[in-house]
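> Data: run-v8.tsv, TSV, N, CA and C atoms.
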chain	number	residue	atom	x	y	z
A	28	MET	N	192.97	38.93	144.38
A	28	MET	CA	193.75	40.13	144.13
A	28	MET	C	194.11	40.26	142.65
A	29	LYS	N	194.47	39.10	142.06
A	29	LYS	CA	194.83	39.10	140.67
A	29	LYS	C	193.64	39.50	139.80
A	30	ARG	N	192.44	39.11	140.18
A	30	ARG	CA	191.22	39.43	139.45
A	30	ARG	C	190.95	40.93	139.49
A	31	ILE	N	191.16	41.58	140.61
A	31	ILE	CA	190.95	43.01	140.76
A	31	ILE	C	191.96	43.78	139.91
A	32	ALA	N	193.20	43.34	139.90
A	32	ALA	CA	194.23	44.01	139.10
A	32	ALA	C	193.93	43.88	137.61
A	33	THR	N	193.45	42.72	137.19
A	33	THR	CA	193.09	42.52	135.78
A	33	THR	C	191.91	43.41	135.40
A	34	ALA	N	190.90	43.49	136.24
A	34	ALA	CA	189.73	44.33	135.98
A	34	ALA	C	190.12	45.81	135.93
A	35	ALA	N	191.01	46.21	136.81
A	35	ALA	CA	191.46	47.60	136.81
A	35	ALA	C	192.24	47.92	135.55
A	36	ALA	N	193.06	46.97	135.08
A	36	ALA	CA	193.83	47.18	133.86
A	36	ALA	C	192.89	47.29	132.65
A	37	ILE	N	191.89	46.44	132.59
A	37	ILE	CA	190.92	46.50	131.49
A	37	ILE	C	190.15	47.81	131.53
A	38	ALA	N	189.71	48.21	132.70
A	38	ALA	CA	188.97	49.48	132.84
A	38	ALA	C	189.84	50.67	132.42
A	39	ALA	N	191.10	50.66	132.81
A	39	ALA	CA	192.01	51.75	132.43
A	39	ALA	C	192.22	51.77	130.92
A	40	PHE	N	192.34	50.59	130.31
A	40	PHE	CA	192.51	50.52	128.85
A	40	PHE	C	191.27	51.07	128.13
A	41	VAL	N	190.09	50.67	128.58
A	41	VAL	CA	188.85	51.15	127.96
A	41	VAL	C	188.73	52.65	128.13
A	42	LEU	N	189.00	53.17	129.29
A	42	LEU	CA	188.92	54.61	129.51
A	42	LEU	C	189.93	55.38	128.66
A	43	ALA	N	191.10	54.81	128.49
A	43	ALA	CA	192.15	55.51	127.74
A	43	ALA	C	191.94	55.46	126.23
A	44	THR	N	191.27	54.43	125.73
A	44	THR	CA	191.12	54.31	124.29
A	44	THR	C	189.74	54.70	123.76
A	45	VAL	N	188.70	54.36	124.44
A	45	VAL	CA	187.34	54.60	123.93
A	45	VAL	C	186.85	56.00	124.25
A	46	LEU	N	186.98	56.44	125.45
A	46	LEU	CA	186.41	57.73	125.83
A	46	LEU	C	187.05	58.93	125.12
A	47	PRO	N	188.38	58.99	124.95
A	47	PRO	CA	188.91	60.13	124.20
A	47	PRO	C	188.39	60.18	122.76
A	48	GLY	N	188.18	59.03	122.15
A	48	GLY	CA	187.65	59.00	120.79
A	48	GLY	C	186.26	59.59	120.70
A	49	THR	N	185.42	59.27	121.66
A	49	THR	CA	184.08	59.83	121.64
A	49	THR	C	184.08	61.29	122.06
A	50	ALA	N	185.04	61.68	122.87
A	50	ALA	CA	185.12	63.09	123.27
A	50	ALA	C	185.57	63.95	122.09
A	51	LEU	N	186.42	63.40	121.21
A	51	LEU	CA	186.89	64.16	120.07
A	51	LEU	C	185.91	64.13	118.90
A	52	ALA	N	185.03	63.13	118.86
A	52	ALA	CA	184.04	63.06	117.80
A	52	ALA	C	183.04	64.19	117.95
A	53	HIS	N	182.60	64.74	116.82
A	53	HIS	CA	181.62	65.81	116.90
A	53	HIS	C	180.77	65.86	115.63
A	54	THR	N	179.63	66.46	115.79
A	54	THR	CA	178.68	66.63	114.70
A	54	THR	C	178.18	68.06	114.75
A	55	PHE	N	178.06	68.69	113.57
A	55	PHE	CA	177.43	70.01	113.56
A	55	PHE	C	176.64	70.21	112.28
A	56	VAL	N	175.63	71.04	112.41
A	56	VAL	CA	174.84	71.52	111.28
A	56	VAL	C	174.88	73.03	111.37
A	57	ALA	N	175.42	73.69	110.35
A	57	ALA	CA	175.59	75.15	110.39
A	57	ALA	C	174.75	75.82	109.30
A	58	SER	N	174.16	76.93	109.66
A	58	SER	CA	173.41	77.72	108.69
A	58	SER	C	174.37	78.54	107.84
A	59	THR	N	173.91	78.94	106.66
A	59	THR	CA	174.69	79.81	105.79
A	59	THR	C	173.76	80.88	105.22
A	60	SER	N	174.34	81.96	104.75
A	60	SER	CA	173.58	82.99	104.04
A	60	SER	C	174.51	83.63	103.01
A	61	LEU	N	173.91	84.16	101.97
A	61	LEU	CA	174.66	84.78	100.88
A	61	LEU	C	174.24	86.23	100.71
A	62	THR	N	175.23	87.11	100.56
A	62	THR	CA	174.96	88.50	100.19
A	62	THR	C	175.28	88.64	98.71
A	63	ILE	N	174.71	89.67	98.07
A	63	ILE	CA	174.98	89.91	96.66
A	63	ILE	C	174.94	91.42	96.40
A	64	HIS	N	175.90	91.91	95.62
A	64	HIS	CA	176.02	93.32	95.24
A	64	HIS	C	176.55	93.39	93.82
A	65	LYS	N	176.49	94.59	93.23
A	65	LYS	CA	177.09	94.76	91.90
A	65	LYS	C	177.71	96.14	91.77
A	66	VAL	N	178.68	96.21	90.89
A	66	VAL	CA	179.33	97.46	90.52
A	66	VAL	C	179.41	97.47	89.00
A	67	PRO	N	179.02	98.50	88.31
A	67	PRO	CA	178.55	99.79	88.82
A	67	PRO	C	177.09	99.72	89.27
A	68	VAL	N	176.72	100.64	90.12
A	68	VAL	CA	175.35	100.76	90.58
A	68	VAL	C	174.57	101.52	89.50
A	69	GLY	N	173.33	101.14	89.27
A	69	GLY	CA	172.50	101.85	88.29
A	69	GLY	C	172.55	101.21	86.93
A	70	ILE	N	172.28	102.02	85.89
A	70	ILE	CA	172.19	101.53	84.52
A	70	ILE	C	173.58	101.24	83.95
A	71	THR	N	173.66	100.15	83.20
A	71	THR	CA	174.92	99.72	82.58
A	71	THR	C	174.73	99.68	81.07
A	72	ASN	N	175.73	100.07	80.32
A	72	ASN	CA	175.68	99.97	78.86
A	72	ASN	C	175.75	98.51	78.43
A	73	PRO	N	175.10	98.14	77.31
A	73	PRO	CA	175.17	96.76	76.83
A	73	PRO	C	176.61	96.31	76.59
A	74	GLY	N	176.97	95.17	77.13
A	74	GLY	CA	178.32	94.62	76.96
A	74	GLY	C	179.36	95.19	77.90
A	75	ALA	N	179.01	96.20	78.70
A	75	ALA	CA	179.97	96.78	79.64
A	75	ALA	C	180.21	95.81	80.81
A	76	THR	N	181.32	95.98	81.48
A	76	THR	CA	181.68	95.11	82.58
A	76	THR	C	180.82	95.39	83.81
A	77	VAL	N	180.26	94.32	84.34
A	77	VAL	CA	179.51	94.37	85.60
A	77	VAL	C	180.15	93.36	86.53
A	78	ILE	N	180.48	93.79	87.73
A	78	ILE	CA	181.06	92.89	88.72
A	78	ILE	C	180.00	92.58	89.76
A	79	VAL	N	179.68	91.30	89.88
A	79	VAL	CA	178.74	90.82	90.89
A	79	VAL	C	179.59	90.16	91.98
A	80	TYR	N	179.39	90.58	93.22
A	80	TYR	CA	180.22	90.07	94.31
A	80	TYR	C	179.39	89.93	95.57
A	81	GLY	N	179.94	89.23	96.52
A	81	GLY	CA	179.25	89.06	97.79
A	81	GLY	C	180.02	88.14	98.70
A	82	LYS	N	179.31	87.63	99.69
A	82	LYS	CA	179.97	86.84	100.72
A	82	LYS	C	179.06	85.69	101.16
A	83	LEU	N	179.68	84.53	101.35
A	83	LEU	CA	179.01	83.39	101.96
A	83	LEU	C	179.30	83.48	103.45
A	84	ARG	N	178.26	83.61	104.25
A	84	ARG	CA	178.43	83.78	105.69
A	84	ARG	C	177.98	82.53	106.44
A	85	SER	N	178.72	82.20	107.49
A	85	SER	CA	178.38	81.08	108.36
A	85	SER	C	179.17	81.21	109.65
A	86	PRO	N	178.62	80.75	110.76
A	86	PRO	CA	179.39	80.76	112.00
A	86	PRO	C	180.56	79.77	111.98
A	87	ARG	N	180.54	78.82	111.06
A	87	ARG	CA	181.60	77.81	110.96
A	87	ARG	C	182.52	78.14	109.79
A	88	PRO	N	183.83	78.30	110.02
A	88	PRO	CA	184.77	78.58	108.93
A	88	PRO	C	184.76	77.52	107.83
A	89	LEU	N	184.54	76.26	108.20
A	89	LEU	CA	184.49	75.19	107.21
A	89	LEU	C	183.41	75.45	106.16
A	90	CYS	N	182.34	76.13	106.55
A	90	CYS	CA	181.22	76.40	105.64
A	90	CYS	C	181.43	77.64	104.79
A	91	ARG	N	182.50	78.38	105.01
A	91	ARG	CA	182.77	79.61	104.24
A	91	ARG	C	183.93	79.44	103.27
A	92	ASN	N	184.91	78.66	103.63
A	92	ASN	CA	186.17	78.58	102.91
A	92	ASN	C	186.12	77.57	101.77
A	93	ASP	N	186.49	78.02	100.56
A	93	ASP	CA	186.64	77.14	99.39
A	93	ASP	C	185.34	76.42	99.02
A	94	MET	N	184.23	77.13	99.10
A	94	MET	CA	182.92	76.57	98.73
A	94	MET	C	182.50	77.10	97.35
A	95	VAL	N	181.75	76.31	96.61
A	95	VAL	CA	181.28	76.70	95.28
A	95	VAL	C	180.00	77.53	95.40
A	96	VAL	N	180.03	78.72	94.81
A	96	VAL	CA	178.86	79.59	94.73
A	96	VAL	C	178.50	79.71	93.25
A	97	LYS	N	177.21	79.58	92.95
A	97	LYS	CA	176.74	79.64	91.56
A	97	LYS	C	176.00	80.94	91.32
A	98	LEU	N	176.27	81.56	90.18
A	98	LEU	CA	175.53	82.73	89.75
A	98	LEU	C	174.43	82.25	88.82
A	99	MET	N	173.18	82.57	89.16
A	99	MET	CA	172.02	82.09	88.42
A	99	MET	C	171.24	83.26	87.84
A	100	ARG	N	170.66	83.05	86.65
A	100	ARG	CA	169.79	84.06	86.03
A	100	ARG	C	168.36	83.57	86.12
A	101	VAL	N	167.48	84.43	86.60
A	101	VAL	CA	166.07	84.10	86.71
A	101	VAL	C	165.46	84.12	85.32
A	102	ARG	N	164.69	83.10	85.00
A	102	ARG	CA	163.99	83.04	83.72
A	102	ARG	C	162.78	82.12	83.87
A	103	PRO	N	161.85	82.17	82.94
A	103	PRO	CA	160.73	81.24	83.02
A	103	PRO	C	161.23	79.80	82.94
A	104	GLY	N	160.67	78.93	83.72
A	104	GLY	CA	161.16	77.56	83.78
A	104	GLY	C	162.37	77.50	84.71
A	105	PRO	N	163.25	76.53	84.49
A	105	PRO	CA	164.43	76.42	85.35
A	105	PRO	C	165.37	77.62	85.16
A	106	ASP	N	165.90	78.13	86.25
A	106	ASP	CA	166.86	79.24	86.17
A	106	ASP	C	168.15	78.75	85.51
A	107	ARG	N	168.87	79.68	84.88
A	107	ARG	CA	170.06	79.33	84.11
A	107	ARG	C	171.33	79.59	84.91
A	108	LEU	N	172.23	78.63	84.90
A	108	LEU	CA	173.54	78.78	85.53
A	108	LEU	C	174.40	79.66	84.63
A	109	LEU	N	174.89	80.78	85.15
A	109	LEU	CA	175.76	81.67	84.38
A	109	LEU	C	177.24	81.42	84.64
A	110	ALA	N	177.58	81.16	85.90
A	110	ALA	CA	179.00	80.97	86.26
A	110	ALA	C	179.10	80.36	87.65
A	111	LYS	N	180.30	79.85	87.95
A	111	LYS	CA	180.61	79.31	89.29
A	111	LYS	C	181.89	79.96	89.77
A	112	ASP	N	182.00	80.10	91.08
A	112	ASP	CA	183.24	80.60	91.69
A	112	ASP	C	183.43	79.91	93.03
A	113	ARG	N	184.66	79.82	93.47
A	113	ARG	CA	184.97	79.29	94.80
A	113	ARG	C	185.25	80.45	95.73
A	114	THR	N	184.76	80.33	96.95
A	114	THR	CA	184.97	81.39	97.93
A	114	THR	C	186.40	81.37	98.44
A	115	ASP	N	186.85	82.54	98.90
A	115	ASP	CA	188.18	82.62	99.52
A	115	ASP	C	188.04	82.28	101.00
A	116	SER	N	189.09	82.48	101.78
A	116	SER	CA	189.08	82.10	103.19
A	116	SER	C	188.10	82.92	104.02
A	117	GLU	N	187.66	84.06	103.50
A	117	GLU	CA	186.69	84.88	104.21
A	117	GLU	C	185.27	84.69	103.68
A	118	GLY	N	185.11	83.80	102.70
A	118	GLY	CA	183.79	83.52	102.15
A	118	GLY	C	183.41	84.43	100.98
A	119	GLU	N	184.35	85.22	100.48
A	119	GLU	CA	184.03	86.17	99.41
A	119	GLU	C	184.10	85.50	98.03
A	120	TYR	N	183.19	85.92	97.15
A	120	TYR	CA	183.17	85.45	95.77
A	120	TYR	C	183.02	86.65	94.85
A	121	ILE	N	183.35	86.45	93.55
A	121	ILE	CA	183.25	87.54	92.58
A	121	ILE	C	183.00	86.94	91.19
A	122	PHE	N	182.13	87.61	90.42
A	122	PHE	CA	181.85	87.25	89.04
A	122	PHE	C	182.00	88.49	88.18
A	123	VAL	N	182.69	88.38	87.05
A	123	VAL	CA	182.83	89.48	86.10
A	123	VAL	C	181.97	89.11	84.89
A	124	ARG	N	180.99	89.95	84.59
A	124	ARG	CA	180.03	89.68	83.53
A	124	ARG	C	179.98	90.84	82.54
A	125	HIS	N	179.44	90.58	81.36
A	125	HIS	CA	179.25	91.59	80.31
A	125	HIS	C	177.84	91.42	79.75
A	126	PRO	N	176.81	91.78	80.51
A	126	PRO	CA	175.43	91.53	80.07
A	126	PRO	C	175.03	92.42	78.89
A	127	ARG	N	174.20	91.88	78.01
A	127	ARG	CA	173.72	92.62	76.84
A	127	ARG	C	172.26	93.06	77.01
A	128	ARG	N	171.58	92.49	78.02
A	128	ARG	CA	170.19	92.88	78.27
A	128	ARG	C	169.88	92.80	79.76
A	129	ASP	N	168.76	93.40	80.15
A	129	ASP	CA	168.32	93.37	81.55
A	129	ASP	C	168.20	91.93	82.03
A	130	GLN	N	168.52	91.74	83.31
A	130	GLN	CA	168.38	90.41	83.89
A	130	GLN	C	168.33	90.48	85.40
A	131	HIS	N	167.63	89.52	85.98
A	131	HIS	CA	167.63	89.34	87.42
A	131	HIS	C	168.55	88.15	87.72
A	132	VAL	N	169.48	88.35	88.63
A	132	VAL	CA	170.42	87.29	88.99
A	132	VAL	C	170.41	87.09	90.50
A	133	TYR	N	170.89	85.95	90.91
A	133	TYR	CA	171.07	85.65	92.33
A	133	TYR	C	172.20	84.64	92.46
A	134	THR	N	172.68	84.44	93.67
A	134	THR	CA	173.70	83.43	93.91
A	134	THR	C	173.11	82.33	94.77
A	135	ARG	N	173.69	81.15	94.60
A	135	ARG	CA	173.19	79.98	95.31
A	135	ARG	C	174.36	79.14	95.81
A	136	PHE	N	174.23	78.68	97.03
A	136	PHE	CA	175.18	77.72	97.62
A	136	PHE	C	174.39	76.45	97.88
A	137	SER	N	174.84	75.34	97.31
A	137	SER	CA	174.08	74.09	97.38
A	137	SER	C	174.23	73.35	98.69
A	138	GLY	N	175.12	73.81	99.54
A	138	GLY	CA	175.35	73.12	100.82
A	138	GLY	C	176.55	72.20	100.72
A	139	PHE	N	176.87	71.60	101.86
A	139	PHE	CA	178.07	70.77	101.95
A	139	PHE	C	177.84	69.74	103.04
A	140	PHE	N	178.25	68.51	102.78
A	140	PHE	CA	178.15	67.46	103.79
A	140	PHE	C	179.42	66.63	103.76
A	141	GLN	N	179.99	66.42	104.94
A	141	GLN	CA	181.22	65.64	105.06
A	141	GLN	C	181.07	64.74	106.27
A	142	THR	N	181.41	63.48	106.10
A	142	THR	CA	181.33	62.57	107.24
A	142	THR	C	182.51	61.62	107.22
A	143	SER	N	182.94	61.27	108.38
A	143	SER	CA	183.95	60.24	108.58
A	143	SER	C	183.68	59.66	109.96
A	144	TYR	N	184.44	58.69	110.35
A	144	TYR	CA	184.18	58.02	111.63
A	144	TYR	C	184.12	59.03	112.78
A	145	GLY	N	182.97	59.11	113.39
A	145	GLY	CA	182.81	59.98	114.55
A	145	GLY	C	182.59	61.45	114.24
A	146	HIS	N	182.62	61.83	112.96
A	146	HIS	CA	182.46	63.23	112.58
A	146	HIS	C	181.36	63.36	111.53
A	147	SER	N	180.60	64.43	111.63
A	147	SER	CA	179.60	64.74	110.63
A	147	SER	C	179.48	66.25	110.56
A	148	HIS	N	179.75	66.81	109.39
A	148	HIS	CA	179.70	68.26	109.19
A	148	HIS	C	178.72	68.57	108.07
A	149	ARG	N	177.71	69.36	108.38
A	149	ARG	CA	176.73	69.76	107.37
A	149	ARG	C	176.61	71.27	107.35
A	150	CYS	N	176.78	71.84	106.16
A	150	CYS	CA	176.56	73.27	105.94
A	150	CYS	C	175.29	73.38	105.10
A	151	LEU	N	174.30	74.07	105.62
A	151	LEU	CA	173.02	74.15	104.94
A	151	LEU	C	173.10	75.03	103.69
A	152	ALA	N	172.26	74.73	102.72
A	152	ALA	CA	172.20	75.49	101.47
A	152	ALA	C	171.62	76.87	101.72
A	153	SER	N	171.93	77.81	100.82
A	153	SER	CA	171.35	79.15	100.93
A	153	SER	C	171.27	79.79	99.55
A	154	ARG	N	170.46	80.85	99.50
A	154	ARG	CA	170.24	81.60	98.26
A	154	ARG	C	170.24	83.07	98.62
A	155	SER	N	170.87	83.88	97.77
A	155	SER	CA	170.87	85.32	98.00
A	155	SER	C	169.55	85.91	97.54
A	156	ALA	N	169.38	87.17	97.81
A	156	ALA	CA	168.25	87.92	97.25
A	156	ALA	C	168.49	88.07	95.75
A	157	SER	N	167.46	88.40	94.99
A	157	SER	CA	167.63	88.66	93.57
A	157	SER	C	168.18	90.06	93.36
A	158	LEU	N	168.98	90.23	92.34
A	158	LEU	CA	169.61	91.51	92.01
A	158	LEU	C	169.27	91.84	90.57
A	159	PHE	N	168.76	93.06	90.34
A	159	PHE	CA	168.40	93.47	88.98
A	159	PHE	C	169.60	94.13	88.32
A	160	VAL	N	170.00	93.62	87.17
A	160	VAL	CA	171.06	94.23	86.36
A	160	VAL	C	170.36	94.99	85.24
A	161	ASN	N	170.37	96.32	85.35
A	161	ASN	CA	169.67	97.19	84.42
A	161	ASN	C	170.60	97.59	83.28
A	162	VAL	N	170.35	97.04	82.09
A	162	VAL	CA	171.17	97.33	80.91
A	162	VAL	C	170.36	98.28	80.03
A	163	GLY	N	170.93	99.46	79.79
A	163	GLY	CA	170.17	100.48	79.05
A	163	GLY	C	170.74	100.86	77.74
Starting from the file, give its structure as structure tokens.

Amino acid sequence: MKRIATAAAIAAFVLATVLPGTALAHTFVASTSLTIHKVPVGITNPGATVIVYGKLRSPRPLCRNDMVVKLMRVRPGPDRLLAKDRTDSEGEYIFVRHPRRDQHVYTRFSGFFQTSYGHSHRCLASRSASLFVNVG
């Protein structure tokens, strides 16, 4: 009888401590996408203010909130980093620029990976479409 009671106590301890930990542990890999827009639309005077804005989208809030988005300029060879911004709680970013010549720009999110005991969160990288800034 004593052996059965000891086995039951051990089984109850294992169920109470190990199983909830594995039930709370989780892993996810979430896709992301970037939109890009600019104001004003159309031709811009050299040195005039151009606002480039958009949104980092993901089904997981962790992948949208407080993430670094880079504004890149297309050029021969490696593209040039123009600026960085952090997204707000809705995934929105904004860049204020004063271009002096025509350029193609895009935004890039490098992705995010976070791990701790029993948890693994990965937000996949993404790139927006290219946007032409017409300076006339």
> What's the separation between atom N of Leu61 (chain A) and CA of His148 (chain A), in Å to one decimal place?
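Taking atom N of Leu61 (chain A) as the start and CA of His148 (chain A) as the end point, the length is 18.4 Å.
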> Using only C-alpha atoms for the distances, tell me which of A:Val96, A:Cys150, A:Val162, A:Ile121 is nearest to Lys65 (chain A).
A:Ile121
> Go ahead and find all residues with at least one atom no further than 7 Å from (170.4, 85.5, 92.3) in the file's coordinates, using only C-alpha atoms; report them as a PyMOL selection string.
chain A and resi 98-100+131-135+155-158
> For a quick check of understanding, using only N, CA and C atoms, which of A:Phe136, A:Met94, A:Leu83, A:Asp129 has the smallest distance to Phe159 (chain A)?
A:Asp129
> Figure out the distance between atom N of Asn72 (chain A) and atom N of Arg128 (chain A), please, to one decimal in Å.
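Taking atom N of Arg128 (chain A) as the start and atom N of Asn72 (chain A) as the end point, the length is 8.9 Å.
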> From the options A:Gly118, A:Ser147, A:Thr71, A:Lys97, which residue's atoms come nearest to Phe55 (chain A), counting all atoms listed in the file?
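When distances to Phe55 (chain A) are compared using all atoms listed in the file, the smallest one comes from A:Ser147.
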> With a distance cut-off of 8 Å and only N, CA and C atoms, select the neighbouring residues of Ser116 (chain A), excluding the residue or stretch itself and same-chain residues fewer than 3 positions from it, and output the selection as an MDAnalysis selection string.
chainID A and resid 88 91:94 113 119
> Hey, what does DSSP flag as helix (DSSP H, G or I) within chain A? Can you give it to me as a ChimeraX atom specification?
/A:29-51,88-90
> Find, counting only C-alpha atoms, the residue in A:Arg102, A:Lys82, A:His64, A:His53 that gets nearest to Ser153 (chain A).
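Going through A:Arg102, A:Lys82, A:His64, A:His53 one by one, the smallest distance to Ser153 (chain A) is for A:Lys82.
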> Assign secondary structure with DSSP using the backbone only, and return the residues of chain A in strand (DSSP E) as a PyMOL selection string.
chain A and resi 53-57+60-61+64-66+77-84+95-100+107-113+119-124+130-136+139-143+146-150+153-154+158-160
> Which residue is closest to Thr76 (chain A)? Choose from A:Tyr144, A:Val123, A:Glu117, A:Leu151 and count only C-alpha atoms.
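Under the stated criterion, the closest residue is A:Val123.
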> Mind pulling up the distance from CA of Arg124 (chain A) to CA of Ala75 (chain A)?
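Going from CA of Ala75 (chain A) over to CA of Arg124 (chain A), I get 8.1 Å.
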> Rank A:Ser85, A:Gln130, A:Thr54, A:Ser60 by their smallest atom-to-atom distance to Arg107 (chain A), using only C-alpha atoms, and report the top residue only.
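Checking each candidate against Arg107 (chain A), we get A:Gln130 as the closest.
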> Give me, as a PDB file with N, CA and C atoms, in the frame of the given file, all polymer residues having an atom no more than 8 Å from Arg149 (chain A), counting all atoms listed in the file and skipping those fewer than 2 positions away in the same chain.

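Written out: around.pdb:
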ATOM      1  N   THR A  54     179.630  66.460 115.790  1.00  0.00           N
ATOM      2  CA  THR A  54     178.680  66.630 114.700  1.00  0.00           C
ATOM      3  C   THR A  54     178.180  68.060 114.750  1.00  0.00           C
ATOM      4  N   PHE A  55     178.060  68.690 113.570  1.00  0.00           N
ATOM      5  CA  PHE A  55     177.430  70.010 113.560  1.00  0.00           C
ATOM      6  C   PHE A  55     176.640  70.210 112.280  1.00  0.00           C
ATOM      7  N   VAL A  56     175.630  71.040 112.410  1.00  0.00           N
ATOM      8  CA  VAL A  56     174.840  71.520 111.280  1.00  0.00           C
ATOM      9  C   VAL A  56     174.880  73.030 111.370  1.00  0.00           C
ATOM     10  N   ALA A  57     175.420  73.690 110.350  1.00  0.00           N
ATOM     11  CA  ALA A  57     175.590  75.150 110.390  1.00  0.00           C
ATOM     12  C   ALA A  57     174.750  75.820 109.300  1.00  0.00           C
ATOM     13  N   SER A  58     174.160  76.930 109.660  1.00  0.00           N
ATOM     14  CA  SER A  58     173.410  77.720 108.690  1.00  0.00           C
ATOM     15  C   SER A  58     174.370  78.540 107.840  1.00  0.00           C
ATOM     16  N   CYS A  90     182.340  76.130 106.550  1.00  0.00           N
ATOM     17  CA  CYS A  90     181.220  76.400 105.640  1.00  0.00           C
ATOM     18  C   CYS A  90     181.430  77.640 104.790  1.00  0.00           C
ATOM     19  N   GLY A 138     175.120  73.810  99.540  1.00  0.00           N
ATOM     20  CA  GLY A 138     175.350  73.120 100.820  1.00  0.00           C
ATOM     21  C   GLY A 138     176.550  72.200 100.720  1.00  0.00           C
ATOM     22  N   PHE A 139     176.870  71.600 101.860  1.00  0.00           N
ATOM     23  CA  PHE A 139     178.070  70.770 101.950  1.00  0.00           C
ATOM     24  C   PHE A 139     177.840  69.740 103.040  1.00  0.00           C
ATOM     25  N   PHE A 140     178.250  68.510 102.780  1.00  0.00           N
ATOM     26  CA  PHE A 140     178.150  67.460 103.790  1.00  0.00           C
ATOM     27  C   PHE A 140     179.420  66.630 103.760  1.00  0.00           C
ATOM     28  N   GLN A 141     179.990  66.420 104.940  1.00  0.00           N
ATOM     29  CA  GLN A 141     181.220  65.640 105.060  1.00  0.00           C
ATOM     30  C   GLN A 141     181.070  64.740 106.270  1.00  0.00           C
ATOM     31  N   THR A 142     181.410  63.480 106.100  1.00  0.00           N
ATOM     32  CA  THR A 142     181.330  62.570 107.240  1.00  0.00           C
ATOM     33  C   THR A 142     182.510  61.620 107.220  1.00  0.00           C
ATOM     34  N   HIS A 146     182.620  61.830 112.960  1.00  0.00           N
ATOM     35  CA  HIS A 146     182.460  63.230 112.580  1.00  0.00           C
ATOM     36  C   HIS A 146     181.360  63.360 111.530  1.00  0.00           C
ATOM     37  N   SER A 147     180.600  64.430 111.630  1.00  0.00           N
ATOM     38  CA  SER A 147     179.600  64.740 110.630  1.00  0.00           C
ATOM     39  C   SER A 147     179.480  66.250 110.560  1.00  0.00           C
ATOM     40  N   LEU A 151     174.300  74.070 105.620  1.00  0.00           N
ATOM     41  CA  LEU A 151     173.020  74.150 104.940  1.00  0.00           C
ATOM     42  C   LEU A 151     173.100  75.030 103.690  1.00  0.00           C
ATOM     43  N   ALA A 152     172.260  74.730 102.720  1.00  0.00           N
ATOM     44  CA  ALA A 152     172.200  75.490 101.470  1.00  0.00           C
ATOM     45  C   ALA A 152     171.620  76.870 101.720  1.00  0.00           C
TER      46      ALA A 152
END
